[in-house]
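What follows is a short report on a single structure.
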Amino acid sequence: MTANPLLEVNNLKIYFPIKKGVIKKKVTYVKAVDDISFLIKEGETLGLVGESGCGKSTTGRGITQLVPVTEGEITFQGENLAELAKGDLRERRKDMQMVFQDPYASLNPRLTVEDILAEPLKAHGVKSKKERIERINKMLDVVGLNRNFAYRYAHEFSGGQRQRIGIARALILNPKLIIADEPVAALDVSIQAQVLNLLKDLQKDFDLTYLFISHDLSVVRHLCDRVAVMYLGRMAETGSTEKIFENPLHPYTQTLLEAIPISNPRDKKERIILKGDVPSPVDPPKGCAFVGRCPKAFDRCHHDRPQLLKMNAEQEVACHLYDE
Amino acid sequence: MTMTKNVLDIKDLTINFKSEGKELSVVDGISFSIKAGETLGVVGESGCGKSVTSLSIMGLIPSPPGRVANGTIEFEGKNLLDFKEKEMRKVRGNEISMIFQEPMTSLNPVFTIGKQINEVLLLHNEMNKSAARNRSIEMLKLVGIPRPEQIYHNYPYQLSGGMRQRVMIAIGLACQPKLLIADEPTTALDVTIQAQILNLMRDLKEKTDTSIMFITHDLGVVAEMCDRVVVMYSGQVVEETDVDTLFNDPKHPYTLGLLGSIPKATEKIDRLYSIRGQVPQAGTVERGCRFADRCDKVMPRCYTEDPPLLKMKEGHQCRCWLYAEEEGGAEIDS
Amino acid sequence: MGIHKKIWFIMLLAFVLFLAACQGNNDVNETDDNETPDETIDTEENAGNNEDDMNDGNNEEEADHGGEVTVGIEAEPTSMDPQNTTDGNSATVQSTMFEGLLRFDEDMSIVPVLAEDYDYSEDATEVTFTLREGVTFHDGTEFDANVVKENLDYVRDSDNGLARSSFFSFIDEVIVDDDFTVTVRAEEPNSAMASYMAHSSAAMKSLEEYEKKNEDEDYNLDREGAVGTGPFQFVEWRDSEHVIVEKFDGYWNEEELARVDQITFRPVQEASTRVNMLQTGEVDLIFPIPTLNAGELEQEDDIDLYTGPTTDVFYIGMNFENEKYHDLDVRQAMNHAIDKDGLIAQVLDGYGTIADSAIAPNVYGYSGQPIYEYDVAGAQELMDGSGQPDGFEATLWTRNNTEFISVAEYAAIQLEEIGIDVEVQAYEAGTLFDMLDEGDGTDLWIGRWSPGTGEADYGLRPNFASDRVPPNFNNSGFYINEELDELFDEALATPDEDEALDIYADIQQRIYEDAPWVFLHIPDAIIAKNQNLEGVYVLPSGAVNLNLAEFR
Amino acid sequence: MDKQKKNSPFRIFLRKFLKQKLAVFAFGLVIAIVLVGIFGPLFSPYDPHRPVTAQYPDMGIDLEQLTSLTLEIEGLLSNGETIEQQELTQIQTETDDRRIAAVRRSQSGIRVSANSSGYTDAIVESGDVSAVSKVLVRGEIPLDDAEPTISQIRINQPDASFSEGDSYQIEVSALLTDGTEITSLDNLKELAEELYGEEEEEDTSGFQSSTTNDDDAASFQINSLTEDTVSVDEDGVVSFESDGEGLVQIQAGEAKSLVQFQVGPDSIEPVLTSLVLQSTTIELNDAYKHQSPSSLHLFGTDHQNRDILSRVIHGTKETLLIGFVSVAIGTVIGTVLGLLAGYYGGWLDSLVTRMTDVLLAFPGILLAIAVIAFLGAGITNIIFAVAVFTIPVFIRIVRASTLSLKEMTYVEAAKSIGVPNTVIIFRHIFPGTLSVVMVYLTMRIGVAILIGAALSFLGLGGDITAPEWGSMLSAAKDNSGTIFHATFFPGLAIVITVLSFNIFGDGLRDALDPKLKE
Amino acid sequence: MLNFILRRLLGMIPILLIITIIAFLFVHLTPGDPIRIMYGAEIDQETYQQMRESEGFNDPLIVQYGRYMYNMTIQGDFGQSYRTRSDVSDEVLRRFNYTFVLTILSMFWAILIGVTVGIISATKRNSLVDRVGMISTITALSIPEFWFGLMMMQVFAVQLGWFPTSGSGTWIHLILPSLTLGFGVAATIVRFTRSSVLEVLREDYVRTARAKGQKESVVIWSHVLRNALIPVVTMAGLQFGFLIGGAVVVEQVFAWPGLGSYLIDGILTRDYPVIQALILLFSLQFLIINLLVDISYGFLNPQIRYE
């Protein structure tokens with residue numbers, strides 16, 4: 001695990017303005033992503049976890065330039081994406097593909113599987129139809145779909161099959177990085193396992209790097225090498241999967257893990273239940289984002305924003321508890 | 001097992017839905033019962049018929065296209081299917097109440113929280129408005145809503161999903177029902193909020209002694225909440241047992257597969273067990289075991305004969321030919 | 001909060017309901033409110049209320065006291081000032097309130113009204129009026145020679161911007177001889193002066209109105225200044241609703257005192273609606289009426305129908321600047337190509353007569369000519385003999401009302417039979433006048449002309465004199481005929497009636513033979529009324545006089 | 001391959017659509033109407049621009065369609081000679097009821113023309129003599145047998161001259177309009193009393209005007225026109241009082257004749273004593289207009305006697321043109337602007353939205369009226385007017401639909417792949433808006449046709465002579481109370497067409513609605 | 001909320017300004033001459049020019065526009081009608097009453113019929129009642145308004161004599177025109193209500209209400225209707241524009257002395273001040289209705305707050 005960083009995100013901020021007033025004065029911002037940094041090394045899987053609204057999906061969209069980045073640097077294979085010309089950016093996209101959460105909404109119902117899979121090829125200059133069909137057929141084999149399916153429409157498939165199509169679309173350009181935004185959240189349990197296994201197999205076969213965005217800690221634990229925990233647009237803790245699950249440092253990570261339902265009734269346990277809801281990203285707390293719900297909050301947490309601290313070789317945490 | 005009396009007894013319930021001129025049995029001859037004070041988990045993947053079953057208990061199956069084709073739903077000894085609409089209205093919300101999966105849309109956006117709790121109170125109780133108001137605020141307090149007097153006047157959009165689900169629970173429990181049907185009440189919620197709600201439900205159950213029928217696809221939630229579990233697959237009950245047996249001695253290949261395919265937060269498994277194939281639409285398999293296509297232990301017999309529900313031990317039944325001879329389990333008449 | 005909103009919502013609904021229920025009665029309520037404190041204006045208030053009663057069919061009961069007449073007219077009047085009026089609807093309303101020195105009677109002959117007598121000077125440059133004494137205006141002021149002078153001087157003065165100012169431009173001076181004698185002197189000999197003075201625009205208005213206008217620039221003579229000497233006085237004008245006039249008790253001619261208490265004029269634009277209203281008894285008299293409905297109304301027992309010729313002449317004008325029409329053969333061919341009998345039968349349902357001159361028989365000075373008979377073969381021969389044997393393309397402009405359009409359609413269909421390919425274009429009347437006055441691109445157009453003075457000069461000169469080509473009106477076809485120009489002046493300067501008539505006959509013959517128009521027809525005036533109403537006079541011009549109307 | 005195609009969104013839509021029987025029927029109607037619009041003119045029974053009467057000969061339809069004829073008359077002089085009508089002077093003509101028929105003198109004779117169905121008397125008068133002919137006009141209203149009236153009176157002209165003190169019994173015969181003759185004075189008198197006795201009093205219209213006839217008041221009269229030479233009593237006995245010329249006139253109803261006597265020795269100039277009409281009954285047809293529906297004209301004829309069926313058929317094209325073209329223009333412009341504004345947002349969006357707001361601030365028909373008033377009437381202008389107010393509607397719906405489609409994950413997916421914006425718009429967004437556009441398009445066609453008709457009604461329509469349904473309705477609207485078919489059929493054509501489009505659009509909507517399951 | 005209304009009102013100003021310019025250009029560039037229209041053919045060139053001068057038609061357009069704006073905004077004077085010489089603002093106000101009453105009553109019918117039938121249709125979906133209701137509404141949408149009006153008049157006024165044929169005066173006069181006018185809108189509202197109710201019936205909270213044991217009628221009339229009305233109110237607001245357009249035709253047919261007939265007369269006679277004033281008024285009316293619709297949202301939908 002000494003590979004080079006494939007993707008580096010530094011001080012990423014993504015703010016959405018809320019327009020108000022007659023002449024549309026920009027008054028407030030939704031701070032969806034508020035100054036986060038992380039990196040992904042080649043061949044590894046980074047899990048980005050957090051509850052809904054914590055900014056994990058926005059981060060993914062920011063990296064692929066689907067939403068405008070307010071501030072910060074995204075370096076992919078050593079190139080700063082913000083500094084790339086438009087054409088080059090499109091070229092880079094080839095190496096950085098997304099898999100989306102909702103397999104129903106992410107496939108255009110008016111297109112056949114072939115059309116859907118041909119689209120990235122066309123967009124990136126594969127002109128020969130023969131070559132396209134060849135690659136599509138190959139890709140269908142890879143994701144475990146019948147070649148005949150190429151002429152069917154997306155709506156004829158079940159959720160698991162659709163997600164395979166979505167994965168095929170992402171893979172067809174031989175990308176380096178796959179950003180998977182909750183790829184199994186909408187699937188039934190039995191299907192979820194199939195897809196997770198597929199993702200694992202593909203990673204091995206194609207040397208893929210994953211940014212795996214999920215709210216499901218069990219899935220993350222199963223799939224990821226490293227985990228980054230986000231809360232309200234900020235990074236709470238990052239570290240290797242082992243460390244995070246065995247020895248969570250941030251109080252939020254701790255409660256998050258506590259909240260996971262047990263997997264066997266014999267394991268019934270007493271636990272701390274987190275109180276209250278996630279506050280609004282329009283008006284986040286001044287100090288630590290988690291301060292309002294944190295069982296261990298103290299005075300300083302209200303004023304100072306904690307920075308990520310390297311706790312050990314594999315773990316960083318943003319919490320004043322570990323400031324010393 | 002103590003012989004507590006059953007609150008709900010479902011026998012041979014078959015529900016058909018009409019689609020493109022054909023009638024499909026979405027629920028096909030299911031039977032189970034819920035004892036007083038018990039939490040029964042109904043587990044299954046999407047399309048297995050668990051929600052339809054719960055709606056049929058409430059008498060809320062959209063008709064057409066759906067209809068109860070066969071069977072009985074006995075609630076405290078009386079068959080609900082014989083009830084007239086007017087009698088049924090007295091049961092709903094009063095003796096049996098229900099909370100739904102989507103807290104965001106289950107509350108009427110144009111009425112205040114208070115009005116929506118009052119509504120059910122005034123419907124089923126002889127009380128005046130101010131009494132209803134007091135009781136509503138009491139209920140809000142009970143489900144752990146801070147500043148209940150203020151929330152009473154709020155509209156649903158002003159509350160978060162977790163809070164709304166608490167309100168739904170308050171509405172469900174307002175008339176102290178004998179049975180609460182919870183249809184995936186936490187699926188749409190974040191883990192931390194889910195934990196809050198599950199905790200709340202456990203607490204309330206202890207306080208009120210209400211029986212709960214807990215419908216979910218999440219086995220983790222089942223493990224936390226339920227006393228007994230019914231596993232459904234494609235409109236049928238494939239296994240019924242107490243929760244401990246389910247997790248530690250499951251019999252049906254589907255249950256086994258399901259347990260195996262769930263990743264665990266507590267340990268790292270390199271490769272998940274996965275059930276092959278797709279979840280069939282309920283009612284589409286005409287003959288044989290409905291799981292046969294996906295089963296690793298499938299036998300020729302599975303394709304041709306419908307497996308009966310076999311008794312494994314007291315309170316444990318399983319619908320699989322695997323156990324027909326070896327356990328000698330008696331067939332439970334269906 | 002929630003309850004409040006609910007209340008708001010209900011109140012909003014209630015408000016809407018309330019408005020819907022009450023607003024309809026508004027008028028009545030308002031008048032009722034005003035009535036209580038002030039008893040003296042009783043008659044006027046009654047007028048407002050009785051209008052509603054009438055709809056319930058209370059006519060019979062009212063008959064003893066005179067009753068009230070409701071008249072459905074075609075369009076909104078445009079003014080209550082005769083001197084600023086050019087349309088028939090306004091004139092009809094005004095005729096109940098205003099009188100001039102003279103007027104036309106039912107035979108189109110000139111009879112004295114406010115003048116007892118008049119005399120032309122030998123050379124026809126002056127006419128002297130002996131005025132009637134003891135005439136008072138509605139506002140109580142006296143009528144005398146000075147009033148005549150002031151009225152004529154006011155209307156003549158173009159600074160006052162009255163529509164009829166040029167109509168009186170022939171006057172050189174108005175001389176007050178004594179209190180009740182006044183002389184009008186013309187710049188040139190003019191034997192038609194009496195006709196001009198009998199025109200409805202030569203009505204006498206109370207001098208007080210002029211004073212009010214002088215004092216207050218914004219004083220609206222068109223709407224408020226309706227103070228004349230007629231048997232009715234002005235009450236109220238509500239746009240699109242009604243004009244109400246009521247009986248004037250101080251009318252000078254006691255024999256012709258008004259016999260009803262009130263007349264209400266209601267503008268109703270849709271002809272079929274007017275007919276329906278007459279049938280249901282909502283109005284007592286309507287005009288004009290579509291010819292087709294006339295036949296139907298004729299069958300109804302309790303409705304009387306009047307039909308009789310008017311002084312309007314319908315024609316197709318042609319533009320002489322356009323070479324197509326230079327050939328007399330072509331013009332005559334066009335006249336022969338149109339079946340006027342068929343036109344009258346089909347378009348006018350028989351309610352019309354063929355125009356056998358450029359003016360109608362009821363116009364003073366008329367002389368009929370042998371008409372151009374319908375003869376397609378003959379017309380085709382004429383065309384063959386002309387420079388355009390294969391015909392040509394033409395555009396026919398028409399006003400966009402049913403009557404004109406039907407005529408245009410009919411003519412177009414028939415002209416096509418001799419190879420003249422006609423495209424009909426309909427324009428709103430004002431636009432059409434404007435286009436004709438501009439004189440650009442005029443080709444063929446459907447025209448209608450009626451001399452308001454009822455005599456030949458005004459019937460012919462504007463249409464055929466060389467100095468009346470655009471932008472002056474109304475020789476829109478640029479028809480130049482110098483012989484005619486001389487004859488016009490000669491006729492006007494001839495004081496001897498018979499001689500003048502001979503000249504006019506000559507003029508008409510020349511015009512008819514030269515065919516600068518396609519002469520079409522003279523429509524009938526069609527007026528229908530409730531059988532109970534009597535004493536309605538119809539003038540040959542088609543105008544209706546209601547001054548002596550009464551209920552049977 | 002076939003099996004796959006079966007599940008294409010189009011096939012699914014088609015299956016859903018075909019399930020709606022009514023909509024399919026409406027679609028059939030739409031197709032039929034379009035076909036009529038294109039090919040109808042080839043099959044229309046008549047030329048829609050010309051009166052049918054002018055077409056009967058060409059079409060080989062042989063109908064007695066005499067609408068007018070020339071009546072020849074002769075004058076009978078007292079010396080027994082006849083004179084041709086050209087030589088007759090001072091001829092005056094009149095009919096009892098001009099609505100039914102008109103009579104006038106022309107170069108070739110007396111011309112009688114039918115106006116509308118009924119019967120009336122045509123009176124020809126020359127000086128002191130007159131004759132009457134019955135005019136029967138056949139038309140819609142079936143006629144009862146007309147009561148005959150007295151047409152001509154013939155008085156035997158004595159050859160001899162008389163002298164003072166003589167007396168003479170006049171011998172009279174009379175011809176009735178039905179051709180029967182009356183030979184005695186008493187019979188004539190009796191008949192005249194019977195026929196005209198009461199009628200004459202009946203002028204109670206309450207209208208006072210110059211044209212009311214009050215001269216010939218009596219039903220039967222016999223009187224001397226030269227009272228100093230002859231006198232006559234009621235029974236027709238003439239007494240001669242002095243020398244000279246004696247004239248006696250007999251009048252029965254409208255017919256008048258003279259008899260001339262030479263009293264004394266001086267010979268006298270012969271005078272016109274009576275008029276002889278070539279026919280006493282004239283039968284004409286009212287074939288001018290508004291023929292009721294019949295096997296010849298299924299929808300009847302209009303006010304210019306044009307075949308309404310043919311006009312409705314020809315009008316289909318115009319009407320459809322207004323519907324299709326205006327909506328097509330509106331749709332194309334509206335869709336393009338809506339797509340661009342919705343997809344790109346920013347200043348373009350603000351501009352387009354503002355523009356739509358302003359356009360929508362005018363109610364549709366007012367906007368159309370404004371455009372027509374500005375550009376003048378005409379089919380192209382109607383099309384333009386309707387297009388103008390169709391544009392903002394489409395901008396709105398397409399923009400809204402674009403905004404929601406823009407947020408679809410598959411659009412995001414395409415973006416993330418690096419698909420260019422234009423491709424995204426045309427491949428992913430436009431097809432998505434298409435369903436709602438299609439629905440609105442069909443519905444709007446109906447609206448456009450209605451607006452076109454309303455503009456015509458308000459007098460702002462296109463070419464008035466063109467066979468366009470709206471103008472047809474507008475032209476016939478004044479008579480809607482009396483002439484049913486002239487408004488009914490064009491109106492029905494509009495209703496059926498608009499209804500077809502609306503039901504079809506409804507069917508489309510249901511078929512395209514993803515919430516409705518197959 | 002007051003702030004919101006104020007802001008919206010201020011926002012109208014630029015739109016109205018654009019509209020005054022459009023209206024002004026529209027009337028002044030249209031062919032047709034008001035002087036000719038006023039006096040017909042019977043005035044000569046000299047008088048004609050005199051009148052043009054005195055009405056100020058010979059000034060440059062910008063000067064005329066300036067004068068118009070000055071008179072309107074500073075003096076509150078909309079000018080005098082060329083046709084009837086009455087004060088336009090008085091006349092518009094007076095006629096506004098008529099049109100207002102007509103449109104309000106039409107809207108009342110439309111909503112009464114529309115919402116009732118819409119709900120019945122939706123709750124009895126696919127039944128005979130529903131089908132009949134849907135087919136008749138779609139037919140209602142396909143009938144030309146004036147034709148319908150004329151037929152109503154023929155049947156109810158002429159044949160049966162129940163109502164006066166036309167004119168104004170009592171509330172009875174209002175019935176036929178308002179029904180004619182409301183008819184088409186009712187059809188639209190029926191369709192809209194139906195689909196809106198169907199939509200809401202699918203909502204989870206309706207199931208919640210039923211699960212509470214609430215009576216179906218209460219579910220429909222309280223839970224469903226309140227929510228379903230939100231889009232219906234928007235649509236009804238927009239239909240007001242349609243009503244004003246329809247009023248032009250219907251007022252013409254029934255001789256109702258409202259703004260519609262005033263406008264048509266105005267346009268036909270190039271009565272500039274009338275046209276300008278009415279276009280402005282109609283636009284203002286439309287904007288205000290939109291505002292009212294937005295405000296009524298607040299009553300119907302608590303989620304909308306006005307900042």
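Each chain of the structure tokens is named A, B, ... in the order shown, its residues numbered from 1; ligands are numbered from 1 in display order.
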Original post:
Using only C-alpha atoms, which residues sit within 12 Å of B:Val120 once same-chain residues fewer than 2 positions away are excluded, as JSON, numbers by chain?
Top reply: {"B": [89, 90, 91, 92, 93, 94, 95, 97, 113, 114, 115, 116, 117, 118, 122, 123, 124, 125, 126, 127, 129, 132, 133, 135, 136, 168, 170, 171, 172, 173, 174, 175, 176, 177], "E": [208, 209, 210, 211, 212, 213, 214, 215]}
Original post:
Please, which residues of stretch 66-193 of chain A, numbered as in this document, come out strand (DSSP E or B) from DSSP, as a PyMOL selection string?
Top reply: chain A and resi 71-76+79-80+96-99+112+153+177-181
Those same residues - C-alpha atoms - I'd like them written as a compact mmCIF listing (two decimals), in the first residue's frame.
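File part_39.txt, as written:
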# COMPACT_ATOMS: atom_id res chain seq x y z
CA GLU A 71 -12.87 26.90 -3.30
CA GLY A 72 -10.17 24.33 -2.97
CA GLU A 73 -7.98 22.16 -5.05
CA ILE A 74 -8.70 18.84 -6.66
CA THR A 75 -5.66 17.15 -8.00
CA PHE A 76 -6.16 14.11 -10.13
CA GLU A 79 -3.13 17.66 -12.42
CA ASN A 80 -5.20 20.36 -10.83
CA MET A 96 -12.94 9.36 -13.50
CA GLN A 97 -16.42 7.90 -13.71
CA MET A 98 -19.45 7.85 -11.48
CA VAL A 99 -21.93 5.24 -10.40
CA THR A 112 -31.58 0.99 -25.00
CA TYR A 153 -34.64 -0.65 -22.58
CA LEU A 177 -11.20 6.16 -10.47
CA ILE A 178 -14.80 5.25 -9.87
CA ILE A 179 -16.86 7.46 -7.66
CA ALA A 180 -19.72 5.30 -6.46
CA ASP A 181 -22.43 7.35 -4.84
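In this model, the gap between atom CA of A:Leu274 and atom CA of B:Gln196 comes to 7.2 Å.
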**OP:** Might you pull out every residue within 12 Å of B:Leu259, with only C-alpha atoms counted and same-chain residues fewer than 6 positions away left off, and present them as an MDAnalysis selection string?
**Re:** (chainID A and resid 189:190 193 263:264) or (chainID B and resid 43:44 217:220 222:223 231 246:253 272:275)
Selection file, N, CA and C atoms, as a compact mmCIF listing (two decimals), in the first residue's frame:
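New file selection-v5.txt:
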# COMPACT_ATOMS: atom_id res chain seq x y z
N VAL A 189 -31.60 -6.54 -0.13
CA VAL A 189 -30.43 -7.09 0.53
C VAL A 189 -29.73 -8.15 -0.31
N SER A 190 -30.50 -9.06 -0.89
CA SER A 190 -29.86 -10.14 -1.63
C SER A 190 -29.15 -9.61 -2.85
N ALA A 193 -25.77 -7.68 -2.08
CA ALA A 193 -24.61 -8.54 -1.94
C ALA A 193 -23.99 -8.85 -3.30
N SER A 263 -26.41 -7.43 14.78
CA SER A 263 -26.65 -8.43 13.74
C SER A 263 -27.12 -9.75 14.33
N ASN A 264 -27.17 -9.83 15.61
CA ASN A 264 -27.68 -11.04 16.22
C ASN A 264 -28.32 -10.66 17.55
N VAL B 43 -40.42 -10.04 7.84
CA VAL B 43 -39.23 -9.68 7.07
C VAL B 43 -39.38 -10.17 5.64
N GLY B 44 -38.84 -9.42 4.74
CA GLY B 44 -38.84 -9.85 3.35
C GLY B 44 -38.34 -8.72 2.47
N HIS B 217 -37.25 -4.84 6.12
CA HIS B 217 -36.40 -5.71 5.32
C HIS B 217 -35.02 -5.82 5.98
N ASP B 218 -34.86 -5.08 7.08
CA ASP B 218 -33.56 -4.97 7.71
C ASP B 218 -33.47 -5.96 8.88
N LEU B 219 -32.67 -7.01 8.69
CA LEU B 219 -32.59 -8.04 9.73
C LEU B 219 -31.97 -7.50 11.02
N GLY B 220 -31.14 -6.48 10.87
CA GLY B 220 -30.56 -5.87 12.07
C GLY B 220 -31.65 -5.29 12.96
N VAL B 222 -34.69 -6.22 13.02
CA VAL B 222 -35.43 -7.35 13.58
C VAL B 222 -34.74 -7.87 14.83
N ALA B 223 -33.46 -8.02 14.71
CA ALA B 223 -32.69 -8.53 15.84
C ALA B 223 -32.86 -7.65 17.06
N VAL B 231 -40.73 -14.77 8.07
CA VAL B 231 -39.98 -14.42 6.86
C VAL B 231 -40.89 -14.67 5.66
N LEU B 246 -34.05 -17.69 14.60
CA LEU B 246 -33.88 -17.18 13.24
C LEU B 246 -32.42 -16.85 12.96
N PHE B 247 -31.82 -16.20 13.92
CA PHE B 247 -30.43 -15.77 13.67
C PHE B 247 -29.42 -16.88 13.91
N ASN B 248 -29.77 -17.82 14.78
CA ASN B 248 -28.76 -18.81 15.14
C ASN B 248 -29.03 -20.21 14.59
N ASP B 249 -30.29 -20.45 14.20
CA ASP B 249 -30.56 -21.75 13.61
C ASP B 249 -31.60 -21.62 12.50
N PRO B 250 -31.32 -20.81 11.48
CA PRO B 250 -32.30 -20.66 10.40
C PRO B 250 -32.34 -21.91 9.56
N LYS B 251 -33.50 -22.20 9.02
CA LYS B 251 -33.64 -23.44 8.25
C LYS B 251 -33.79 -23.18 6.76
N HIS B 252 -34.59 -22.24 6.41
CA HIS B 252 -34.91 -22.07 4.99
C HIS B 252 -33.70 -21.52 4.24
N PRO B 253 -33.43 -22.07 3.09
CA PRO B 253 -32.26 -21.57 2.32
C PRO B 253 -32.33 -20.08 2.07
N LEU B 272 -19.06 -11.71 0.46
CA LEU B 272 -20.41 -11.94 0.96
C LEU B 272 -21.02 -13.13 0.25
N TYR B 273 -21.90 -13.79 0.97
CA TYR B 273 -22.68 -14.81 0.30
C TYR B 273 -23.72 -14.07 -0.55
N SER B 274 -23.92 -14.51 -1.74
CA SER B 274 -24.97 -13.81 -2.49
C SER B 274 -25.95 -14.79 -3.10
N ILE B 275 -27.22 -14.45 -2.98
CA ILE B 275 -28.27 -15.25 -3.60
C ILE B 275 -28.30 -14.85 -5.06
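Distances here use only C-alpha atoms; by that measure, the residue among A:Pro281, A:Gly43, A:Gly276, A:Gly60 closest to A:Tyr29 is A:Pro281.
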